[in-house]
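> Structure provided below as structure tokens; questions to follow.
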Amino acid sequence: KYNYIIRSDGTDTTLHVQEINSTEEYIVGDYEIELLSIPRYKKKVHIGQDSTSIVKVPTPAVANIQLPSKGFGGVYFLRRDNWEQVWHFRNDERQYKLTLLPGTYKVVFRATHAKEYIYTNEKEWDMLEGKSKFIKIY
């Protein structure tokens with residue numbers, strides 16, 4: 001049950017927040033939609049006169065992440081050769097269940113009691129559309 005933000009193309013101002021699989025009427029023109037997913041999904045859309053624009057988005061997948069202890073780090077998404085952080089571990093849980101869009105991800109983690117960089121763990125994986133993946137960090 002995602003929502004997405006509608007903006008006029010070229011602006012940062014939110015025009016409307018719309019629920020996925022619903023229809024609304026807009027003035028003819030160019031818009032940008034931003035799906036409130038992990039990671040965010042953006043797409044440009046043209047709205048024509050007396051027409052319905054359908055935007056297809058990838059089917060999300062589920063990542064079950066198990067950490068060895070409480071600690072810090074996060075989940076990173078590979079977007080055009082750059083890793084961008086999409087989730088932050090806040091030293092409060094050992095297990096996370098995240099709904100992610102398909103793509104390449106990695107977990108970077110360091111336990112609370114580990115004080116040096118050499119104790120940082122990384123694990124990379126691919127999420128496929130509609131699948132689930134269990135990621136265990138040792």
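Ordering of the structure tokens sets the chain letters (A, B, ...); residue numbers start at 1 within each chain; ligands are numbered from 1 in the order shown.
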Residues within 10 Å of stretch 95-107 of chain A, please, as an NGL selection string. Count only C-alpha atoms; anything in the same chain fewer than 6 positions from it doesn't count.

:A and (37-41 or 57-70 or 73-79 or 83-89 or 121-137)

> May I ask which of the residues A:Ile5, A:Ile27, A:Val108, A:Ala114 is the closest one to A:Thr52, counting only C-alpha atoms?

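Selected residue with least distance to A:Thr52: A:Ile27.
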
> May I have all residues of stretch 19-115 of chain A that DSSP, computed from the backbone, assigns to strand (DSSP E), given as a VMD selection string?

chain A and resid 19 29 to 35 41 to 47 61 to 66 71 to 79 82 to 90 95 to 100 103 to 111

> Can you tell me how far atom CA of A:Gly10 sits from atom CA of A:Asp30, in Å to one decimal?

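It comes out at 8.9 Å.
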
> Could you name the residues that touch A:Leu15 at 9 Å or less, counting only C-alpha atoms, but leaving out those on the same chain fewer than 4 positions away, as a ChimeraX atom specification?

/A:5-8

> Set the distance at 9 Å and use only C-alpha atoms: which residues neighbour A:Val45 once local chain neighbours fewer than 2 positions away are removed? I'd like the list as number ranges by chain.

A: 9, 29-33, 43, 47, 53-55

> Hey, which of A:Tyr138, A:Tyr4, A:Phe72, A:Tyr26 ends up closest to A:Ala111? Count only C-alpha atoms.

A:Phe72

> Which neighbours of A:Val28 fall inside 8 Å, counting only C-alpha atoms, when residues of the same chain fewer than 5 positions from it are skipped, and could you give them as a list in words?

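Answer for this query is His46, Ile47, Gly48 and Gln49 of chain A.
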
> Quick one: pull the distance between atom CA of A:Arg90 and atom CA of A:Lys42, Å, one decimal.

26.8 Å

> Which neighbours of stretch 1-3 of chain A fall inside 10 Å, counting only C-alpha atoms, when residues of the same chain fewer than 6 positions from it are skipped, and could you give them as a ChimeraX atom specification?

/A:17-22,34-37

> Name the closest residue to A:Lys115 among the candidates A:Lys44, A:Glu25, A:Gly71, A:Asp50; distances are taken between atoms, counting only C-alpha atoms.

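Smallest separation from A:Lys115 among the options: A:Gly71.
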